[in-house]
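*Asks:* The structure's right below; bear with me while I get my questions together.
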Amino acid sequence: MALTAVTKTQPPEILAAALVAGQRVFGENRVQEAQAHWAGLRRSVPDLELRLIGPLQTNKAADAVALFDVIETLDRPKLADALAVAAHKAGRTVRVLVQVNTGNEPQKAGVLPEGADALVAHARGKGLKVEGLMCIPPADEAAGPHFALLRRIARRNGLKTLSMGMSADYGTAIRFGATHVRLGSALFGERNRPERPSMD
Ligand SMILES: *Cc1c(COP(=O)(O)O)cnc(C)c1O
C-alpha cells in the first residue's frame with residue numbers, strides 16, 4: 001500500500017519537510033501548480049513520483065505528460081487520444097488510471113461505472129499503460145460500497161492499482177483493497193486556501 005501525499009496549496013517548506021521525512025510519492029490537482037511545486041526539484045530528487053489527481057484539459061495533455069509519472073484522472077476517450085499523441089511526441093509511455101464516477105454525480109469528473117470497461121479498452125488501444133482505477137466517493141454517502149464497486153471494475157479488467165481513500169475515509173479504503181491512499185489534510189493539516197473548482 002502506497003501513501004500519495006497531496007501537496008496542492010502547500011508552501012515549499014511543507015514539500016521540503018515531506019521530502020526530508022522520506023516521502024517520495026506526491027499528488028497534485030493542477031498542472032500549473034504542480035510545475036511550480038516540483039519542476040525544480042526533479043533533478044535533485046530522482047526517485048520522485050508525481051501523480052496528477054485533478055481534472056485534465058486536453059490542451060494541457062503535453063504539459064501533464066512532461067511532468068507527471070502517472071495521470072490518475074483519465075475520464076474520456078478524447079483525453080486518452082490527446083495523451084497518446086503527447087506520449088508519442090515525447091517518446092514516452094504514459095501511465096494512467098481511469099477515474100470512475102462511482103456515485104453518478106453530475107458535477108463530478110470520472111467516467112460512469114457502465115462506461116469504464118470501454119474507456120479502459122480504448123486507452124489500451126491507444127497504447128496508454130492503464131494501471132488501475134481511481135475514485136472519489138460522494139461526500140454524503142458511506143464510502144465502502146463505492147470502493148467495492150471500484151475493486152469489482154478493476155478485477156474484471158485485470159487492473160491492479162486502486163487509488164481510493166482520502167483523509168476522511170482511508171481506513172475504509174484500505175479494508176477494501178486500496179493500493180494508493182491520497183492524503184492531504186491528514187498529513188499536513190487543513191489547507192491554507194479554499195479549493196476552487198478547477199479545470200487544469
Ligand atoms: C485534495 C484531494 C485529496 C486529499 O484530500 P484530503 O481530504 O485533504 O486528504 C485526495 N484526492 C483528491 C482527488 C483530491 O483532490
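Chain labels A, B, ... are given in the sequence in which chains occur in the C-alpha cells; within each chain residues are numbered consecutively from 1, and ligands are likewise numbered from 1 in the order shown.
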Select from range 17-84 of chain A everything DSSP, run on the backbone, classes as strand (DSSP E), then give the selection as a list in words.

*Replies:* Val25, Phe26, Gly27, Glu28, Glu49, Leu50, Arg51, Leu52, Val70, Ile71, Glu72, Thr73 and Leu74 of chain A

*Asks:* Could you give me, as a tab-separated table, a per-residue list for chain A showing, wherever an atom lies at most 8 Å from an atom of ligand 1, the closest pair of atoms and their distance in Å to one decimal, using only C-alpha atoms and all ligand atoms and sorting by chain then residue number from low to high?

*Replies:*
```
residue	atom	partner	partner_atom_place_in_ligand_line	distance
A:Ala5	CA	ligand 1	4 (C)	7.9
A:Val6	CA	ligand 1	4 (C)	5.5
A:Lys8	CA	ligand 1	1 (C)	6.8
A:Gly27	CA	ligand 1	11 (N)	7.7
A:Glu28	CA	ligand 1	15 (O)	7.6
A:Asn29	CA	ligand 1	15 (O)	5.8
A:Ile53	CA	ligand 1	13 (C)	4.8
A:Gly54	CA	ligand 1	13 (C)	5.7
A:Cys135	CA	ligand 1	13 (C)	7.9
A:Ile136	CA	ligand 1	13 (C)	6.6
A:Met164	CA	ligand 1	11 (N)	8.0
A:Gly165	CA	ligand 1	10 (C)	7.4
A:Met166	CA	ligand 1	9 (O)	4.2
A:Ser167	CA	ligand 1	9 (O)	3.6
A:Ala168	CA	ligand 1	7 (O)	6.0
A:Val181	CA	ligand 1	10 (C)	7.9
A:Arg182	CA	ligand 1	10 (C)	4.6
A:Leu183	CA	ligand 1	9 (O)	3.7
A:Gly184	CA	ligand 1	8 (O)	3.5
A:Ser185	CA	ligand 1	8 (O)	3.7
A:Ala186	CA	ligand 1	9 (O)	5.7
A:Leu187	CA	ligand 1	9 (O)	7.7
A:Gly189	CA	ligand 1	8 (O)	7.8
A:Glu190	CA	ligand 1	8 (O)	7.1
A:Arg191	CA	ligand 1	8 (O)	7.4
```

*Asks:* Give me the residues near Arg95 in chain A as a ChimeraX atom specification, where near means some atom within 7 Å (using only C-alpha atoms) and where sequence neighbours in that chain fewer than 2 positions away do not count.

*Replies:* /A:69-71,93,128-131

*Asks:* DSSP says helix (DSSP H, G or I) for which residues of range 131-163 of chain A? Put them as a ChimeraX atom specification?

*Replies:* /A:144-156

*Asks:* Would you pick out the contacts of Ile174 in chain A at 12 Å or less, using only C-alpha atoms, so that residues sharing its chain but fewer than 4 positions from it are not included, and give the list as number ranges by chain?

*Replies:* A: 1-3, 143-144, 147-148, 151, 162-167, 169-170, 178-182

*Asks:* Which residue is closest to His122 in chain A? Choose from A:Arg156, A:Lys78, A:His146, A:His88 and count only C-alpha atoms.

*Replies:*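 Using only C-alpha atoms, His122 in chain A sits closest to A:Lys78.
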
*Asks:* Quick one, how far is CA of Ala82 in chain A from CA of Gln57 in chain A?

*Replies:*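 CA of Gln57 in chain A lies 9.3 Å from CA of Ala82 in chain A.
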
*Asks:* Considering only C-alpha atoms, state which residue in the set A:Leu56, A:Ala173, A:Val96, A:Leu19 is at the smallest distance from Leu159 in chain A.

*Replies:* A:Val96

*Asks:* Can you measure CA of Phe26 in chain A to CA of Thr7 in chain A for me? One decimal in Å is fine.

*Replies:*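 Computing the Euclidean distance for CA of Phe26 in chain A and CA of Thr7 in chain A yields 6.8 Å.
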
*Asks:* Which polymer residues have any atom within 7 Å of an atom of Glu72 in chain A, counting only C-alpha atoms, with same-chain residues fewer than 5 positions away left out, as a PyMOL selection string?

*Replies:* chain A and resi 51-53+96-99+134

*Asks:* Tell me which protein, DNA and RNA residues are within 12 Å of Asp81 in chain A, counting only C-alpha atoms, leaving out same-chain ones fewer than 5 positions away, and put them as a VMD selection string.

*Replies:* chain A and resid 57 to 59 61 to 62 74 to 76 86 to 88 94 119 122 to 128

*Asks:* With C-alpha atoms kept, could you save the residues just selected as an mmCIF file, in the first residue's frame?

*Replies:*
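Writing the result to selection-v9.cif gives the following:
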```cif
data_model
loop_
_atom_site.group_PDB
_atom_site.id
_atom_site.type_symbol
_atom_site.label_atom_id
_atom_site.label_comp_id
_atom_site.auth_asym_id
_atom_site.auth_seq_id
_atom_site.Cartn_x
_atom_site.Cartn_y
_atom_site.Cartn_z
ATOM 1 C CA GLN A 57 -7.947 19.518 -20.127
ATOM 2 C CA THR A 58 -6.845 18.074 -23.440
ATOM 3 C CA ASN A 59 -4.858 21.250 -24.247
ATOM 4 C CA ALA A 61 -2.029 16.922 -22.038
ATOM 5 C CA ALA A 62 1.528 17.565 -23.247
ATOM 6 C CA LEU A 74 -8.353 9.773 -17.395
ATOM 7 C CA ASP A 75 -12.125 10.075 -17.795
ATOM 8 C CA ARG A 76 -12.954 10.330 -21.506
ATOM 9 C CA ALA A 86 1.584 13.706 -26.363
ATOM 10 C CA ALA A 87 3.222 10.436 -25.334
ATOM 11 C CA HIS A 88 4.180 9.672 -28.913
ATOM 12 C CA VAL A 94 2.191 7.250 -20.251
ATOM 13 C CA LEU A 119 -12.704 3.510 -21.690
ATOM 14 C CA HIS A 122 -9.967 2.488 -25.636
ATOM 15 C CA ALA A 123 -6.969 3.730 -23.638
ATOM 16 C CA ARG A 124 -5.192 0.399 -24.019
ATOM 17 C CA GLY A 125 -5.883 0.505 -27.726
ATOM 18 C CA LYS A 126 -4.168 3.884 -27.874
ATOM 19 C CA GLY A 127 -1.055 2.469 -26.232
ATOM 20 C CA LEU A 128 -1.521 4.025 -22.801
#
```
